[in-house]
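Data block below; observations after.
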Amino acid sequence: MAGLQDNAAFLVDTALSRAGPSRRFIIALAGPPGAGKSTLSEAIVAEFIRRGHGAAVVPMDGFHLDNAVLEARGTLGRKGAPFTFDVDGYASLLGRLLTEPDRDIAVPVFDRDLDLARAGGRLITPKHRFLIAEGNYLLLPDPPWAQLSDLFDLTVMLTADREELRKRLVERWLAHGLDADAALARALSNDIPNADLVLRASITADLEIDSGVSAPG
């Protein structure tokens, strides 16, 4: 898709122009659920690789609290809301990635089919100079999320029309086997409130991009 590739190329151009001699450069790609962050993140990595630079995604979703923890807290129905993540763990990992660029560091990734985070699901190595920190809440200004801001070299907000977000989020739940009513209820009860929070409360990013992709992320 031309829009997706153009956005990826633009972000890679920007990162390369700002990176200077740094051995590791972290791009924060924030945005509401359904905006297409995962899709754009992978396109950015592919563009970096095409130009001969190592890059990888370090997703916030790898720090979902486990369903057992959320169930014990009575918050399983809000999984994906800001308070259902191990933010301190994510900040600690990003800090290690910045300060230990010569080491192989394992990072967790979220498996949507299994609905859980897999520890050590991805390995960040010294060749991965450019990292894309991808997640909904990376630019929220209040604790505990505010601690992330000092870890980013470039911040990007990916936006989309609210009605388009609703459509994509319903489609996501349909793809996970929910019927039409349940998919709509799930999107309206949790995903859309989370999206509204991101769009309303996030600090201003260095760059803002309108989503031009059809697949949710």
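We label chains A, B, ... in the order they appear in the structure tokens, count residues from 1 in each chain, and number ligands from 1 in the order shown.
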Quick check for you: according to DSSP on this backbone, which residues of stretch 10-198 of chain A are classed as alpha helix (DSSP H)? Reply as an MDAnalysis selection string. chainID A and resid 10:19 37:50 67:73 87:99 162:175 180:186 192:198
Determine, for each residue of stretch 145-168 of chain A having at least one atom at most 12 Å from an atom of stretch 2-13 of chain A, the closest pair of atoms and their separation in Å to one decimal, counting only C-alpha atoms; order by chain and ascending number, as JSON lines.
{"residue": "A:Leu154", "atom": "CA", "partner": "A:Leu11", "partner_atom": "CA", "distance": 9.4}
{"residue": "A:Thr155", "atom": "CA", "partner": "A:Leu11", "partner_atom": "CA", "distance": 10.2}
{"residue": "A:Val156", "atom": "CA", "partner": "A:Leu11", "partner_atom": "CA", "distance": 8.7}
{"residue": "A:Met157", "atom": "CA", "partner": "A:Leu11", "partner_atom": "CA", "distance": 11.5}
{"residue": "A:Leu158", "atom": "CA", "partner": "A:Asn7", "partner_atom": "CA", "distance": 10.3}
Can those selected residues be exported to a file as a PDB file, in the first residue's frame so that it contains N, CA and C atoms?
ATOM      1  N   LEU A 154      12.594   9.637  19.382  1.00  0.00           N
ATOM      2  CA  LEU A 154      11.639  10.196  18.423  1.00  0.00           C
ATOM      3  C   LEU A 154      10.270   9.663  18.797  1.00  0.00           C
ATOM      4  N   THR A 155       9.276  10.552  18.891  1.00  0.00           N
ATOM      5  CA  THR A 155       7.927  10.118  19.244  1.00  0.00           C
ATOM      6  C   THR A 155       6.976  10.362  18.076  1.00  0.00           C
ATOM      7  N   VAL A 156       6.102   9.384  17.840  1.00  0.00           N
ATOM      8  CA  VAL A 156       5.167   9.418  16.722  1.00  0.00           C
ATOM      9  C   VAL A 156       3.786   9.024  17.229  1.00  0.00           C
ATOM     10  N   MET A 157       2.775   9.790  16.865  1.00  0.00           N
ATOM     11  CA  MET A 157       1.393   9.435  17.168  1.00  0.00           C
ATOM     12  C   MET A 157       0.692   9.060  15.871  1.00  0.00           C
ATOM     13  N   LEU A 158       0.154   7.843  15.839  1.00  0.00           N
ATOM     14  CA  LEU A 158      -0.610   7.367  14.692  1.00  0.00           C
ATOM     15  C   LEU A 158      -2.081   7.501  15.025  1.00  0.00           C
TER      16      LEU A 158
END
Give me the residues within 12 Å of A:Ala28 as a ChimeraX atom specification, counting only C-alpha atoms and dropping any in the same chain fewer than 6 places off. /A:11,15,37,40-41,44,57-60,94,130-140,148-158,205-208
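Counting only C-alpha atoms and comparing A:Ala72, A:Leu16, A:Val198, A:Leu169, the residue that lies closest to A:Gly34 is A:Leu169.
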Contact table stretch 53-157 of chain A vs stretch 178-193 of chain A, cut-off 10 Å, shortest pair per residue, only C-alpha atoms, as a Markdown table:
| residue | atom | partner | partner_atom | distance |
| --- | --- | --- | --- | --- |
| A:Gly77 | CA | A:Asn190 | CA | 7.8 |
| A:Arg78 | CA | A:Asn190 | CA | 5.9 |
| A:Lys79 | CA | A:Asn190 | CA | 8.0 |
| A:Gly80 | CA | A:Asp191 | CA | 7.7 |
| A:Ala81 | CA | A:Asn190 | CA | 7.3 |
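Atom CA of A:Asp66 sits 26.2 Å away from atom CA of A:Ile26.
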Could you give me the residues within stretch 26-198 of chain A that DSSP places in strand (DSSP E), as a ChimeraX atom specification? /A:26-30,55-59,105-111,116-124,130-135,154-159
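Atom pair atom CA of A:Asn67 / atom CA of A:Phe110 has a distance of 12.3 Å (rounded to one decimal).
The closest residue to A:Thr84, picked from A:Val170, A:Leu65, A:Ala201, A:Ala30 and counting only C-alpha atoms, is A:Leu65.
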Hey, what's within 12 Å of A:Arg168 if we count only C-alpha atoms and toss same-chain stuff fewer than 4 positions away? As an NGL selection string, please? :A and (32-36 or 160-164 or 172-175 or 183-184 or 187-188 or 191-192 or 211 or 213-217)
File dump, residues just selected, C-alpha atoms, as a PDB file, in the first residue's frame:
ATOM      1  CA  PRO A  32      -5.190   4.210  19.857  1.00  0.00           C
ATOM      2  CA  PRO A  33      -6.074   0.537  19.482  1.00  0.00           C
ATOM      3  CA  GLY A  34      -6.984  -0.166  15.881  1.00  0.00           C
ATOM      4  CA  ALA A  35      -4.893   2.651  14.406  1.00  0.00           C
ATOM      5  CA  GLY A  36      -2.494   0.287  12.639  1.00  0.00           C
ATOM      6  CA  ALA A 160      -7.382   7.455  12.784  1.00  0.00           C
ATOM      7  CA  ASP A 161     -10.997   8.563  12.545  1.00  0.00           C
ATOM      8  CA  ARG A 162     -13.016   7.336  15.546  1.00  0.00           C
ATOM      9  CA  GLU A 163     -15.632   5.627  13.393  1.00  0.00           C
ATOM     10  CA  GLU A 164     -12.907   3.875  11.423  1.00  0.00           C
ATOM     11  CA  ARG A 172     -10.747  -7.688  15.136  1.00  0.00           C
ATOM     12  CA  TRP A 173     -13.123  -9.345  17.603  1.00  0.00           C
ATOM     13  CA  LEU A 174     -15.080 -10.977  14.809  1.00  0.00           C
ATOM     14  CA  ALA A 175     -11.807 -12.496  13.625  1.00  0.00           C
ATOM     15  CA  ALA A 183     -17.776  -8.053  19.030  1.00  0.00           C
ATOM     16  CA  LEU A 184     -19.505  -4.674  19.094  1.00  0.00           C
ATOM     17  CA  ALA A 187     -15.192  -2.834  21.274  1.00  0.00           C
ATOM     18  CA  LEU A 188     -17.534  -0.288  22.868  1.00  0.00           C
ATOM     19  CA  ASP A 191     -11.384  -0.668  23.212  1.00  0.00           C
ATOM     20  CA  ILE A 192     -13.131   2.583  22.331  1.00  0.00           C
ATOM     21  CA  SER A 211      -3.435   6.047   9.611  1.00  0.00           C
ATOM     22  CA  VAL A 213      -3.737   1.184   6.590  1.00  0.00           C
ATOM     23  CA  SER A 214      -6.722  -1.117   6.578  1.00  0.00           C
ATOM     24  CA  ALA A 215      -5.492  -3.732   9.022  1.00  0.00           C
ATOM     25  CA  PRO A 216      -5.821  -3.002  12.760  1.00  0.00           C
ATOM     26  CA  GLY A 217      -2.804  -3.027  15.003  1.00  0.00           C
TER      27      GLY A 217
END
Under the rule that only C-alpha atoms are counted, which of A:Gly74, A:Pro126, A:Pro141, A:Gly20 is the nearest residue to A:Thr99? A:Pro126
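The shortest atom-to-atom distance to A:Asp86, with only C-alpha atoms taken into account, belongs to A:Trp145 out of A:Lys127, A:Trp145, A:His176, A:Phe48.
Take the candidates A:Asp210, A:Val109, A:Gly95, A:Ala56 and check each one against A:Thr125 using only C-alpha atoms; the shortest distance goes to A:Ala56.
Our summary of the geometry notes that atom CA of A:Ile209 is positioned 14.7 Å from atom CA of A:Leu165.
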